[in-house]
$ cat query_23.pdb   # PDB, C-alpha atoms, pLDDT in the B column
MODEL        1
ATOM      1  CA  MET A   1     -12.331  -3.254 -10.567  1.00 91.00           C
ATOM      2  CA  THR A   2     -11.114  -2.591  -7.031  1.00 96.00           C
ATOM      3  CA  THR A   3      -7.799  -0.858  -6.454  1.00 97.00           C
ATOM      4  CA  SER A   4      -5.994  -1.063  -3.149  1.00 98.00           C
ATOM      5  CA  ILE A   5      -4.044   2.108  -2.365  1.00 97.00           C
ATOM      6  CA  ASP A   6      -0.569   1.891  -0.834  1.00 97.00           C
ATOM      7  CA  SER A   7       0.124   4.403   1.917  1.00 95.00           C
ATOM      8  CA  ASN A   8       3.006   5.900  -0.103  1.00 94.00           C
ATOM      9  CA  ILE A   9       0.475   7.240  -2.640  1.00 95.00           C
ATOM     10  CA  ILE A  10      -1.456   9.034   0.107  1.00 95.00           C
ATOM     11  CA  VAL A  11       1.693  10.446   1.719  1.00 93.00           C
ATOM     12  CA  ALA A  12       2.929  11.814  -1.625  1.00 93.00           C
ATOM     13  CA  LEU A  13      -0.502  13.319  -2.202  1.00 92.00           C
ATOM     14  CA  TRP A  14      -0.564  15.049   1.198  1.00 90.00           C
ATOM     15  CA  TRP A  15       2.850  16.687   0.816  1.00 86.00           C
ATOM     16  CA  LYS A  16       2.623  19.265  -1.965  1.00 85.00           C
ATOM     17  CA  SER A  17       6.430  19.614  -2.005  1.00 86.00           C
ATOM     18  CA  ASP A  18       6.900  15.890  -2.634  1.00 84.00           C
ATOM     19  CA  PRO A  19       8.271  15.389  -6.171  1.00 89.00           C
ATOM     20  CA  LEU A  20       5.774  12.538  -6.586  1.00 92.00           C
ATOM     21  CA  ASN A  21       2.753  14.622  -5.524  1.00 92.00           C
ATOM     22  CA  ARG A  22       1.440  15.217  -9.038  1.00 93.00           C
ATOM     23  CA  ILE A  23       2.021  11.605 -10.058  1.00 93.00           C
ATOM     24  CA  ALA A  24       0.171  10.376  -6.958  1.00 94.00           C
ATOM     25  CA  ALA A  25      -2.763  12.726  -7.627  1.00 94.00           C
ATOM     26  CA  GLN A  26      -3.059  11.569 -11.239  1.00 95.00           C
ATOM     27  CA  ALA A  27      -2.765   7.904 -10.271  1.00 94.00           C
ATOM     28  CA  LEU A  28      -5.443   8.254  -7.609  1.00 93.00           C
ATOM     29  CA  PHE A  29      -7.746  10.020 -10.056  1.00 93.00           C
ATOM     30  CA  GLN A  30      -7.277   7.198 -12.574  1.00 95.00           C
ATOM     31  CA  ALA A  31      -7.926   4.574  -9.892  1.00 95.00           C
ATOM     32  CA  GLN A  32     -11.147   6.353  -8.990  1.00 94.00           C
ATOM     33  CA  ARG A  33     -12.243   6.204 -12.630  1.00 94.00           C
ATOM     34  CA  ARG A  34     -11.540   2.442 -12.767  1.00 93.00           C
ATOM     35  CA  GLY A  35     -13.824   1.643  -9.839  1.00 96.00           C
ATOM     36  CA  ARG A  36     -13.750   1.074  -6.117  1.00 97.00           C
ATOM     37  CA  MET A  37     -10.763   2.114  -3.995  1.00 98.00           C
ATOM     38  CA  VAL A  38      -9.752   0.591  -0.685  1.00 98.00           C
ATOM     39  CA  VAL A  39      -7.052   0.932   1.950  1.00 98.00           C
ATOM     40  CA  CYS A  40      -6.258  -1.966   4.273  1.00 98.00           C
ATOM     41  CA  ALA A  41      -6.110  -1.476   8.043  1.00 97.00           C
ATOM     42  CA  PRO A  42      -2.286  -1.591   8.293  1.00 97.00           C
ATOM     43  CA  ALA A  43      -1.994   1.220   5.720  1.00 96.00           C
ATOM     44  CA  TYR A  44      -4.544   3.246   7.687  1.00 97.00           C
ATOM     45  CA  ALA A  45      -2.569   2.708  10.904  1.00 95.00           C
ATOM     46  CA  GLU A  46       0.659   3.674   9.150  1.00 94.00           C
ATOM     47  CA  LEU A  47      -0.938   6.907   7.911  1.00 95.00           C
ATOM     48  CA  MET A  48      -2.031   7.757  11.451  1.00 94.00           C
ATOM     49  CA  GLY A  49       1.664   8.197  12.197  1.00 92.00           C
ATOM     50  CA  ASP A  50       1.693  11.440  10.203  1.00 89.00           C
ATOM     51  CA  PRO A  51       2.178  14.176  12.816  1.00 89.00           C
ATOM     52  CA  ASP A  52       0.181  16.666  10.727  1.00 87.00           C
ATOM     53  CA  ARG A  53      -2.970  14.512  10.621  1.00 89.00           C
ATOM     54  CA  ASN A  54      -5.354  13.296  13.272  1.00 92.00           C
ATOM     55  CA  GLU A  55      -7.811  10.427  13.142  1.00 94.00           C
ATOM     56  CA  ALA A  56     -10.810  12.613  12.285  1.00 95.00           C
ATOM     57  CA  GLU A  57      -8.935  14.250   9.381  1.00 94.00           C
ATOM     58  CA  LEU A  58      -7.842  10.861   8.113  1.00 95.00           C
ATOM     59  CA  ASP A  59     -11.406   9.538   8.238  1.00 96.00           C
ATOM     60  CA  GLU A  60     -12.660  12.650   6.474  1.00 95.00           C
ATOM     61  CA  PHE A  61      -9.989  12.314   3.766  1.00 94.00           C
ATOM     62  CA  PHE A  62     -11.042   8.740   3.017  1.00 96.00           C
ATOM     63  CA  ALA A  63     -14.762   9.516   3.132  1.00 96.00           C
ATOM     64  CA  GLU A  64     -14.428  12.510   0.791  1.00 94.00           C
ATOM     65  CA  GLY A  65     -12.203  10.531  -1.574  1.00 93.00           C
ATOM     66  CA  GLY A  66     -14.559   7.575  -1.669  1.00 95.00           C
ATOM     67  CA  ILE A  67     -11.828   5.297  -0.320  1.00 97.00           C
ATOM     68  CA  LEU A  68     -13.114   2.415   1.787  1.00 97.00           C
ATOM     69  CA  ILE A  69     -11.137   0.985   4.692  1.00 97.00           C
ATOM     70  CA  ASP A  70     -10.912  -2.803   4.977  1.00 97.00           C
ATOM     71  CA  TRP A  71     -10.479  -3.416   8.696  1.00 97.00           C
ATOM     72  CA  VAL A  72     -10.476  -7.221   8.447  1.00 96.00           C
ATOM     73  CA  LEU A  73      -7.327  -9.178   7.699  1.00 96.00           C
ATOM     74  CA  ASP A  74      -8.047 -12.879   7.441  1.00 96.00           C
ATOM     75  CA  GLU A  75      -5.580 -15.624   8.322  1.00 98.00           C
ATOM     76  CA  GLU A  76      -4.678 -16.105   4.659  1.00 98.00           C
ATOM     77  CA  ILE A  77      -3.518 -12.480   4.410  1.00 98.00           C
ATOM     78  CA  TRP A  78      -1.303 -12.810   7.496  1.00 97.00           C
ATOM     79  CA  ARG A  79       0.225 -16.038   6.210  1.00 98.00           C
ATOM     80  CA  GLU A  80       0.854 -14.615   2.726  1.00 97.00           C
ATOM     81  CA  ALA A  81       2.453 -11.495   4.242  1.00 97.00           C
ATOM     82  CA  GLY A  82       4.705 -13.638   6.431  1.00 96.00           C
ATOM     83  CA  LYS A  83       5.858 -15.754   3.475  1.00 97.00           C
ATOM     84  CA  ALA A  84       6.573 -12.673   1.373  1.00 96.00           C
ATOM     85  CA  TYR A  85       8.416 -10.982   4.256  1.00 94.00           C
ATOM     86  CA  ARG A  86      10.527 -14.102   4.815  1.00 93.00           C
ATOM     87  CA  GLY A  87      11.379 -14.174   1.095  1.00 92.00           C
ATOM     88  CA  TYR A  88      12.322 -10.498   1.204  1.00 90.00           C
ATOM     89  CA  ILE A  89      14.641 -11.008   4.195  1.00 89.00           C
ATOM     90  CA  HIS A  90      16.257 -13.964   2.459  1.00 88.00           C
ATOM     91  CA  ARG A  91      16.812 -11.927  -0.743  1.00 85.00           C
ATOM     92  CA  ARG A  92      18.325  -9.019   1.211  1.00 81.00           C
ATOM     93  CA  ARG A  93      20.697 -11.191   3.210  1.00 79.00           C
ATOM     94  CA  SER A  94      21.804 -13.389   0.323  1.00 78.00           C
ATOM     95  CA  GLY A  95      22.218 -10.456  -2.074  1.00 67.00           C
ATOM     96  CA  SER A  96      24.121  -7.878  -0.092  1.00 67.00           C
ATOM     97  CA  GLY A  97      24.156  -9.291   3.405  1.00 64.00           C
ATOM     98  CA  ALA A  98      22.182  -6.239   4.469  1.00 66.00           C
ATOM     99  CA  PHE A  99      19.480  -6.200   7.089  1.00 66.00           C
ATOM    100  CA  PRO A 100      15.879  -5.618   5.970  1.00 64.00           C
ATOM    101  CA  ARG A 101      14.856  -2.015   5.252  1.00 73.00           C
ATOM    102  CA  GLN A 102      11.160  -2.606   4.635  1.00 74.00           C
ATOM    103  CA  ILE A 103       8.673  -3.114   7.441  1.00 84.00           C
ATOM    104  CA  LEU A 104       6.016  -5.788   7.797  1.00 91.00           C
ATOM    105  CA  THR A 105       3.251  -3.285   6.986  1.00 94.00           C
ATOM    106  CA  ASP A 106       4.360  -3.220   3.340  1.00 95.00           C
ATOM    107  CA  PHE A 107       3.914  -6.971   3.102  1.00 96.00           C
ATOM    108  CA  LEU A 108       0.487  -6.837   4.750  1.00 97.00           C
ATOM    109  CA  ILE A 109      -0.557  -4.235   2.162  1.00 97.00           C
ATOM    110  CA  GLY A 110       0.659  -6.461  -0.675  1.00 97.00           C
ATOM    111  CA  ALA A 111      -0.847  -9.647   0.767  1.00 98.00           C
ATOM    112  CA  HIS A 112      -4.178  -7.896   1.336  1.00 98.00           C
ATOM    113  CA  SER A 113      -4.310  -6.858  -2.322  1.00 98.00           C
ATOM    114  CA  LEU A 114      -3.226 -10.275  -3.592  1.00 98.00           C
ATOM    115  CA  VAL A 115      -5.595 -12.349  -1.454  1.00 98.00           C
ATOM    116  CA  ARG A 116      -8.571 -10.065  -2.105  1.00 98.00           C
ATOM    117  CA  GLY A 117      -7.858 -10.022  -5.863  1.00 97.00           C
ATOM    118  CA  TYR A 118      -7.346  -6.250  -5.980  1.00 98.00           C
ATOM    119  CA  SER A 119      -4.851  -4.288  -8.037  1.00 97.00           C
ATOM    120  CA  LEU A 120      -2.321  -2.357  -5.949  1.00 98.00           C
ATOM    121  CA  LEU A 121      -1.583   1.289  -6.670  1.00 97.00           C
ATOM    122  CA  THR A 122       1.899   2.034  -5.324  1.00 96.00           C
ATOM    123  CA  LEU A 123       5.027   4.078  -5.894  1.00 94.00           C
ATOM    124  CA  ASP A 124       7.153   1.034  -4.999  1.00 93.00           C
ATOM    125  CA  ARG A 125       6.687  -1.401  -7.894  1.00 94.00           C
ATOM    126  CA  ARG A 126      10.038  -3.090  -7.321  1.00 92.00           C
ATOM    127  CA  LEU A 127       9.283  -4.248  -3.775  1.00 92.00           C
ATOM    128  CA  TYR A 128       5.820  -5.560  -4.536  1.00 96.00           C
ATOM    129  CA  ALA A 129       6.798  -7.223  -7.831  1.00 96.00           C
ATOM    130  CA  ALA A 130       9.582  -9.144  -6.088  1.00 94.00           C
ATOM    131  CA  ALA A 131       7.485 -10.078  -3.053  1.00 96.00           C
ATOM    132  CA  PHE A 132       4.199 -10.807  -4.862  1.00 97.00           C
ATOM    133  CA  PRO A 133       4.886 -11.899  -8.457  1.00 96.00           C
ATOM    134  CA  LYS A 134       1.199 -12.668  -9.110  1.00 97.00           C
ATOM    135  CA  LEU A 135      -0.056  -9.308  -7.840  1.00 97.00           C
ATOM    136  CA  LYS A 136      -1.376  -6.832 -10.399  1.00 97.00           C
ATOM    137  CA  ILE A 137       0.563  -3.648  -9.703  1.00 97.00           C
ATOM    138  CA  ILE A 138      -0.309  -0.161 -10.930  1.00 96.00           C
ATOM    139  CA  SER A 139       2.658   2.148 -10.609  1.00 88.00           C
ATOM    140  CA  LYS A 140       3.847   5.375 -12.211  1.00 74.00           C
TER     141      LYS A 140
ENDMDL
END

$ encode --input "query_23.pdb" --output "structure tokens"
Amino acid sequence: MTTSIDSNIIVALWWKSDPLNRIAAQALFQAQRRGRMVVCAPAYAELMGDPDRNEAELDEFFAEGGILIDWVLDEEIWREAGKAYRGYIHRRRSGSGAFPRQILTDFLIGAHSLVRGYSLLTLDRRLYAAAFPKLKIISK
């Protein structure tokens, strides 16, 4: 079984003071026991935004953790992400009239997992369940 890792798991893991740190560490350990782990390119790019990490440290983190990086996003992933993002914007505007709070990267992460047939390990079950009802989500 392959598990795709959402960037929010990695961020919670990196910040020891994060209340979700322990949950993220346990979830990542369990994902490792289930099989292969992967991060899609948009999640990698999002993680590069952390001011306390550089590219070499990020690469080392993934290599040591046995987490592969999928650099290729096929057309189907982009289209699925766009449809899910459009649905999200529609739900936000029709529900509360509010503008979107999530960014496109989240929908690329979900679409990548769905199209590739991976499970998604995330701390944001609600977003992904609404946007990708057929996606297998692992969340704590």

$ resolve_selection --input "query_23.pdb" --expression "the PyMOL selection byres ((chain A and resi 45) around 12)" --output "number ranges by chain"
A: 6-7, 39-44, 46-50, 53-55, 58-59, 69-71, 105-106, 108-109

$ closest_atom_pairs --input "query_23.pdb" --of "region 15-76 of chain A" --to "region 113-120 of chain A" --cutoff "12 Å" --atoms "only C-alpha atoms" --output "JSON lines"
{"residue": "A:Ala27", "atom": "CA", "partner": "A:Leu120", "partner_atom": "CA", "distance": 11.1}
{"residue": "A:Leu28", "atom": "CA", "partner": "A:Leu120", "partner_atom": "CA", "distance": 11.2}
{"residue": "A:Ala31", "atom": "CA", "partner": "A:Ser119", "partner_atom": "CA", "distance": 9.6}
{"residue": "A:Arg34", "atom": "CA", "partner": "A:Ser119", "partner_atom": "CA", "distance": 10.6}
{"residue": "A:Gly35", "atom": "CA", "partner": "A:Ser119", "partner_atom": "CA", "distance": 10.9}
{"residue": "A:Arg36", "atom": "CA", "partner": "A:Tyr118", "partner_atom": "CA", "distance": 9.7}
{"residue": "A:Met37", "atom": "CA", "partner": "A:Tyr118", "partner_atom": "CA", "distance": 9.3}
{"residue": "A:Val38", "atom": "CA", "partner": "A:Tyr118", "partner_atom": "CA", "distance": 9.0}
{"residue": "A:Val39", "atom": "CA", "partner": "A:Ser113", "partner_atom": "CA", "distance": 9.3}
{"residue": "A:Cys40", "atom": "CA", "partner": "A:Ser113", "partner_atom": "CA", "distance": 8.4}
{"residue": "A:Ala41", "atom": "CA", "partner": "A:Ser113", "partner_atom": "CA", "distance": 11.8}
{"residue": "A:Ala43", "atom": "CA", "partner": "A:Ser113", "partner_atom": "CA", "distance": 11.6}
{"residue": "A:Asp70", "atom": "CA", "partner": "A:Arg116", "partner_atom": "CA", "distance": 10.4}
{"residue": "A:Val72", "atom": "CA", "partner": "A:Arg116", "partner_atom": "CA", "distance": 11.1}
{"residue": "A:Leu73", "atom": "CA", "partner": "A:Val115", "partner_atom": "CA", "distance": 9.8}
{"residue": "A:Asp74", "atom": "CA", "partner": "A:Val115", "partner_atom": "CA", "distance": 9.2}
{"residue": "A:Glu75", "atom": "CA", "partner": "A:Val115", "partner_atom": "CA", "distance": 10.3}
{"residue": "A:Glu76", "atom": "CA", "partner": "A:Val115", "partner_atom": "CA", "distance": 7.2}

$ closest_residue --input "query_23.pdb" --among "A:Ile138, A:Ala129, A:Leu123, A:Ala56" --to "Leu13 (chain A)" --atoms "all atoms listed in the file"
A:Leu123

$ atom_distance --input "query_23.pdb" --atom1 "CA of Arg79 (chain A)" --atom2 "CA of Val11 (chain A)"
26.9 Å

$ resolve_selection --input "query_23.pdb" --expression "the PyMOL selection byres ((chain A and resi 81-97) around 8)" --output "list of chain:residue names"
A:Ile77, A:Trp78, A:Arg79, A:Glu80, A:Ala98, A:Phe99, A:Pro100, A:Leu104, A:Phe107, A:Leu108, A:Gly110, A:Ala111, A:Ala130, A:Ala131, A:Phe132

$ atom_distance --input "query_23.pdb" --atom1 "CA of Arg22 (chain A)" --atom2 "CA of Arg126 (chain A)"
20.3 Å

$ atom_distance --input "query_23.pdb" --atom1 "CA of Ala24 (chain A)" --atom2 "CA of Ile9 (chain A)"
5.3 Å

$ closest_residue --input "query_23.pdb" --among "A:Leu135, A:Ile10, A:Phe62, A:Lys16" --to "His112 (chain A)" --atoms "only C-alpha atoms"
A:Leu135

$ closest_residue --input "query_23.pdb" --among "A:Lys134, A:Trp14, A:Asn21, A:Thr3" --to "Glu57 (chain A)" --atoms "only C-alpha atoms"
A:Trp14

$ closest_residue --input "query_23.pdb" --among "A:Trp15, A:Asp52, A:Ala63, A:Asn8" --to "Arg125 (chain A)" --atoms "only C-alpha atoms"
A:Asn8

$ closest_residue --input "query_23.pdb" --among "A:Leu127, A:Gly66, A:Thr122, A:Ile137" --to "Leu20 (chain A)" --atoms "only C-alpha atoms"
A:Thr122
